[in-house]
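With compact mmCIF, C-alpha atoms and all ligand atoms inside, this is entry_11.txt:
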```txt
# COMPACT_ATOMS: atom_id res chain seq x y z
CA MET W 1 121.00 172.65 112.21
CA LEU W 2 120.55 171.32 115.71
CA TYR W 3 122.70 173.98 117.38
CA SER W 4 122.67 177.74 116.87
CA GLU W 5 125.77 179.58 115.66
CA LYS W 6 126.13 181.10 119.11
CA VAL W 7 126.16 177.68 120.78
CA MET W 8 128.80 176.49 118.32
CA ASP W 9 130.86 179.66 118.85
CA HIS W 10 130.81 179.38 122.65
CA PHE W 11 131.56 175.67 122.43
CA MET W 12 134.50 176.08 120.04
CA ASN W 13 135.84 179.29 121.67
CA PRO W 14 134.59 179.25 125.25
CA ARG W 15 135.11 182.52 127.16
CA ASN W 16 136.48 182.69 130.70
CA VAL W 17 137.81 179.14 130.92
CA GLY W 18 140.11 178.46 133.86
CA GLU W 19 140.42 178.88 137.60
CA ILE W 20 140.79 181.82 139.99
CA GLU W 21 143.24 180.88 142.71
CA ASP W 22 142.08 183.37 145.36
CA ALA W 23 138.42 183.20 144.37
CA ASP W 24 135.86 184.75 146.72
CA GLY W 25 133.32 182.08 145.83
CA VAL W 26 133.59 178.64 144.24
CA GLY W 27 130.67 176.45 143.30
CA GLU W 28 130.58 172.98 141.84
CA VAL W 29 127.52 171.16 140.61
CA GLY W 30 126.89 168.02 138.65
CA ASN W 31 124.13 166.23 136.87
CA ALA W 32 123.78 162.67 138.10
CA LYS W 33 122.16 161.48 134.89
CA CYS W 34 124.75 162.56 132.34
CA GLY W 35 127.67 162.78 134.79
CA ASP W 36 128.69 166.25 133.67
CA ILE W 37 130.37 168.54 136.19
CA MET W 38 130.73 172.32 136.25
CA ARG W 39 132.82 174.51 138.54
CA MET W 40 132.57 178.32 138.77
CA TYR W 41 135.02 180.74 140.36
CA LEU W 42 134.06 184.30 141.29
CA LYS W 43 136.10 187.33 142.24
CA ILE W 44 133.97 189.97 143.93
CA ASP W 45 134.73 193.56 144.91
CA ASN W 46 132.17 196.01 146.30
CA ASN W 47 129.53 193.40 145.47
CA ILE W 48 130.47 193.50 141.78
CA ILE W 49 131.66 190.40 139.98
CA THR W 50 135.01 191.59 138.71
CA ASP W 51 136.16 188.23 137.39
CA VAL W 52 134.64 184.85 136.72
CA LYS W 53 136.14 181.64 135.38
CA PHE W 54 134.79 178.16 134.86
CA LYS W 55 135.84 174.59 134.30
CA THR W 56 133.34 172.24 132.79
CA PHE W 57 133.79 168.54 132.35
CA GLY W 58 130.83 167.95 130.15
CA CYS W 59 129.04 168.12 126.86
CA GLY W 60 129.24 170.89 124.28
CA SER W 61 126.02 172.51 125.43
CA ALA W 62 127.28 172.58 129.02
CA ILE W 63 130.49 174.26 127.88
CA ALA W 64 128.58 176.79 125.74
CA SER W 65 126.15 177.44 128.61
CA SER W 66 128.91 178.03 131.15
CA SER W 67 130.75 180.30 128.74
CA MET W 68 127.64 182.37 128.05
CA ALA W 69 126.66 182.46 131.73
CA THR W 70 130.08 183.85 132.71
CA GLU W 71 129.74 186.54 130.04
CA LEU W 72 126.29 187.45 131.34
CA ILE W 73 127.38 187.97 134.96
CA LYS W 74 130.80 189.56 134.45
CA GLY W 75 130.71 193.14 135.71
CA LYS W 76 127.26 192.66 137.20
CA SER W 77 126.30 192.98 140.86
CA VAL W 78 125.93 189.94 143.08
CA ASP W 79 122.17 190.55 143.20
CA GLU W 80 121.91 190.61 139.42
CA ALA W 81 123.96 187.43 139.15
CA LEU W 82 121.64 185.70 141.64
CA GLU W 83 118.77 186.41 139.27
CA LEU W 84 120.40 184.78 136.26
CA THR W 85 118.19 181.96 135.05
CA ASN W 86 118.89 179.09 132.71
CA LYS W 87 116.22 180.61 130.49
CA ALA W 88 118.29 183.78 130.09
CA VAL W 89 121.36 181.68 129.28
CA THR W 90 119.42 179.66 126.70
CA GLU W 91 117.97 182.79 125.12
CA ALA W 92 121.39 184.41 124.91
CA LEU W 93 122.57 181.28 123.08
CA ASP W 94 119.64 181.56 120.63
CA GLY W 95 118.16 178.37 122.03
CA LEU W 96 119.15 174.83 122.91
CA PRO W 97 117.50 171.57 121.86
CA ALA W 98 114.93 170.44 124.45
CA HIS W 99 117.00 167.47 125.62
CA LYS W 100 119.92 169.86 126.22
CA LEU W 101 118.11 172.37 128.41
CA HIS W 102 119.44 170.70 131.56
CA CYS W 103 122.94 171.76 130.48
CA SER W 104 121.93 175.41 130.91
CA VAL W 105 120.35 174.58 134.27
CA LEU W 106 123.77 173.37 135.37
CA ALA W 107 125.21 176.82 134.56
CA GLU W 108 122.55 178.58 136.63
CA GLU W 109 123.13 176.18 139.53
CA ALA W 110 126.92 176.53 139.38
CA ILE W 111 126.68 180.32 139.65
CA LYS W 112 124.20 180.07 142.54
CA ALA W 113 126.51 177.58 144.29
CA ALA W 114 129.49 179.94 143.88
CA LEU W 115 127.42 182.85 145.23
CA ASP W 116 126.32 180.67 148.17
CA ASP W 117 129.95 179.97 148.91
CA PHE W 118 130.69 183.71 148.71
CA TYR W 119 127.96 184.51 151.22
CA LYS W 120 129.26 181.83 153.58
CA LYS W 121 132.73 183.36 153.45
CA TYR W 122 131.50 186.98 153.55
CA PRO W 123 128.09 187.12 155.22
CA ASN W 124 128.09 190.92 155.00
CA GLY W 125 129.32 191.12 151.44
CA LYS W 126 132.70 192.29 150.32
FE1 LIG N 201 124.43 166.82 130.77
FE2 LIG N 201 124.95 168.49 128.84
S1 LIG N 201 124.42 166.41 128.65
S2 LIG N 201 125.19 168.82 130.96
```

Can you dump the structure from the file as structure tokens?
Ligand code: FES
Amino acid sequence: MLYSEKVMDHFMNPRNVGEIEDADGVGEVGNAKCGDIMRMYLKIDNNIITDVKFKTFGCGSAIASSSMATELIKGKSVDEALELTNKAVTEALDGLPAHKLHCSVLAEEAIKAALDDFYKKYPNGK
């Protein structure tokens, strides 16, 4: 089996899909090669990520990676979320095929982009 059960689960039943209208940080990234696009929305209170949603126009691994990444940062502090790596996302998914690792990189980058946006809006935190 090319994909782990966890990848299949998060692809078929992705968690935290959608948008947050009054998001405190929004980040969008894309991969020029495959053309996939990922957008992350964060709601932050007292430097804790109280809500996170994503929209991914992309492959199954990108959807599974974004779903898992949102689960990993929900309820965490902004600092902890900044430390989330694509490796942690891949491990939580019980692995991805080598040619699909870039999909998990997209998830890491989307979260960092959303946190960047947050810091631009609220340089002293919120
Ligand atoms: Fe590009 Fe998955 S193939 S994000």

#### Entry: Top pick for closest residue to ligand LIG 201 (chain N), considering W:Ser61, W:Ser66, W:Ser77, W:Thr50 and counting only C-alpha atoms and all ligand atoms
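The answer is W:Ser61, which sits nearest to ligand LIG 201 (chain N).
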
### Task
Go through the chains and note each residue within 10 Å of ligand LIG 201 (chain N), using all atoms listed in the file, then give the set as a PyMOL selection string.
chain W and resi 30-38+56-66+99-107

### Residues within 9 Å of W:Tyr41, only C-alpha atoms, excluding chain neighbours under 2 positions, as a VMD selection string
chain W and resid 18 to 21 23 to 27 39 43 51 to 55 111 114

Create the file for the chosen residues now, containing C-alpha atoms and written as a CSV table (one decimal), in the coordinates of the input.
```
chain,number,residue,atom,x,y,z
W,18,GLY,CA,140.1,178.5,133.9
W,19,GLU,CA,140.4,178.9,137.6
W,20,ILE,CA,140.8,181.8,140.0
W,21,GLU,CA,143.2,180.9,142.7
W,23,ALA,CA,138.4,183.2,144.4
W,24,ASP,CA,135.9,184.8,146.7
W,25,GLY,CA,133.3,182.1,145.8
W,26,VAL,CA,133.6,178.6,144.2
W,27,GLY,CA,130.7,176.4,143.3
W,39,ARG,CA,132.8,174.5,138.5
W,43,LYS,CA,136.1,187.3,142.2
W,51,ASP,CA,136.2,188.2,137.4
W,52,VAL,CA,134.6,184.8,136.7
W,53,LYS,CA,136.1,181.6,135.4
W,54,PHE,CA,134.8,178.2,134.9
W,55,LYS,CA,135.8,174.6,134.3
W,111,ILE,CA,126.7,180.3,139.6
W,114,ALA,CA,129.5,179.9,143.9
```

### Task
Using only C-alpha atoms, pick whichever of W:Ala98, W:Leu2, W:Val78, W:Ala113 has the shortest atom-to-atom distance to W:Asn47.
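Checking each of W:Ala98, W:Leu2, W:Val78, W:Ala113 against W:Asn47, counting only C-alpha atoms, the winner is W:Val78.
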
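With all atoms listed in the file as the atoms that count, the minimum distance from W:Ala81 to the choices W:Met12, W:Ser67, W:Glu109, W:Asp22 is reached by W:Glu109.
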
### Message
What does the structure give for the distance between atom CA of W:Leu82 and atom CA of W:Tyr3, in Å to one decimal?
### Response
27.0 Å

### Message
Just the number, please: distance in Å from atom CA of W:Asp117 to atom CA of W:Met40, one decimal.
### Response
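Atom-to-atom, atom CA of W:Asp117 to atom CA of W:Met40, that is 10.6 Å.
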
### Task
Using all atoms listed in the file, pick whichever of W:Glu28, W:Asp9, W:Glu71, W:Glu91 has the shortest atom-to-atom distance to W:Ala110.
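Nearest to W:Ala110: W:Glu28.
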
### Task
Grab the atom CA of W:Lys76 to atom CA of W:Pro97 distance for me, in Å with one decimal place.
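Distance between the two atoms: 27.8 Å.
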
### Task
Rank W:Ser4, W:Thr85, W:Thr90, W:Asn124 by their smallest atom-to-atom distance to W:Glu108, using only C-alpha atoms, and report the top residue only.
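The answer is W:Thr85, which sits nearest to W:Glu108.
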
### Task
Give the answer as one residue: which of W:Leu115, W:Leu96, W:Met68, W:Met1 has the shortest atom-to-atom distance to W:Glu83, using all atoms listed in the file?
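With all atoms listed in the file as the atom set, the closest residue is W:Leu115.
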
Keeping C-alpha atoms, write stretch 6-82 of chain W of the structure just shown out as a CSV table (one decimal), in the first residue's frame.
```
chain,number,residue,atom,x,y,z
W,6,LYS,CA,-3.8,7.8,8.4
W,7,VAL,CA,-3.1,9.5,5.1
W,8,MET,CA,-6.2,7.9,3.6
W,9,ASP,CA,-8.3,8.8,6.6
W,10,HIS,CA,-7.2,12.5,6.6
W,11,PHE,CA,-7.7,12.6,2.8
W,12,MET,CA,-11.2,11.0,2.9
W,13,ASN,CA,-12.3,12.9,6.1
W,14,PRO,CA,-10.1,16.0,6.3
W,15,ARG,CA,-10.4,17.9,9.6
W,16,ASN,CA,-10.8,21.7,9.9
W,17,VAL,CA,-11.7,22.3,6.2
W,18,GLY,CA,-13.1,25.8,5.6
W,19,GLU,CA,-12.5,29.5,6.1
W,20,ILE,CA,-12.4,31.8,9.2
W,21,GLU,CA,-14.0,35.1,8.2
W,22,ASP,CA,-12.4,37.2,10.9
W,23,ALA,CA,-9.1,35.3,10.9
W,24,ASP,CA,-6.1,36.9,12.7
W,25,GLY,CA,-3.7,35.4,10.2
W,26,VAL,CA,-4.1,34.0,6.7
W,27,GLY,CA,-1.4,32.4,4.7
W,28,GLU,CA,-1.4,31.1,1.1
W,29,VAL,CA,1.3,29.1,-0.5
W,30,GLY,CA,1.7,27.2,-3.7
W,31,ASN,CA,4.0,24.8,-5.4
W,32,ALA,CA,4.9,26.0,-8.9
W,33,LYS,CA,5.7,22.5,-10.1
W,34,CYS,CA,2.5,20.7,-9.3
W,35,GLY,CA,0.3,23.8,-9.2
W,36,ASP,CA,-1.2,22.9,-5.8
W,37,ILE,CA,-2.4,25.7,-3.6
W,38,MET,CA,-3.0,25.8,0.2
W,39,ARG,CA,-4.6,28.5,2.3
W,40,MET,CA,-4.6,28.5,6.2
W,41,TYR,CA,-6.7,30.6,8.5
W,42,LEU,CA,-5.8,31.2,12.2
W,43,LYS,CA,-7.7,32.5,15.1
W,44,ILE,CA,-5.5,33.5,17.9
W,45,ASP,CA,-6.2,34.6,21.5
W,46,ASN,CA,-3.6,35.1,24.2
W,47,ASN,CA,-1.0,33.7,21.7
W,48,ILE,CA,-2.9,30.4,21.6
W,49,ILE,CA,-4.3,29.1,18.3
W,50,THR,CA,-7.9,28.7,19.2
W,51,ASP,CA,-9.1,27.8,15.7
W,52,VAL,CA,-7.6,26.9,12.4
W,53,LYS,CA,-9.1,26.1,9.1
W,54,PHE,CA,-7.7,25.3,5.7
W,55,LYS,CA,-8.6,25.2,2.0
W,56,THR,CA,-6.4,23.1,-0.2
W,57,PHE,CA,-6.7,22.9,-4.0
W,58,GLY,CA,-4.3,20.0,-4.5
W,59,CYS,CA,-3.5,16.4,-4.3
W,60,GLY,CA,-4.6,13.9,-1.7
W,61,SER,CA,-1.3,14.1,0.2
W,62,ALA,CA,-1.6,17.9,0.3
W,63,ILE,CA,-5.1,17.6,1.7
W,64,ALA,CA,-4.0,14.9,4.3
W,65,SER,CA,-1.0,17.0,5.2
W,66,SER,CA,-3.0,20.2,5.8
W,67,SER,CA,-5.6,18.3,7.8
W,68,MET,CA,-3.0,16.7,10.0
W,69,ALA,CA,-1.1,20.0,10.3
W,70,THR,CA,-4.2,21.8,11.5
W,71,GLU,CA,-4.8,19.1,14.1
W,72,LEU,CA,-1.2,19.4,15.3
W,73,ILE,CA,-1.3,23.2,15.9
W,74,LYS,CA,-4.9,23.5,17.3
W,75,GLY,CA,-4.7,24.6,20.9
W,76,LYS,CA,-1.0,25.2,20.7
W,77,SER,CA,0.9,28.4,21.3
W,78,VAL,CA,2.1,30.6,18.4
W,79,ASP,CA,5.7,29.6,19.3
W,80,GLU,CA,4.9,25.9,19.2
W,81,ALA,CA,3.1,26.3,15.8
W,82,LEU,CA,6.1,28.1,14.4
```
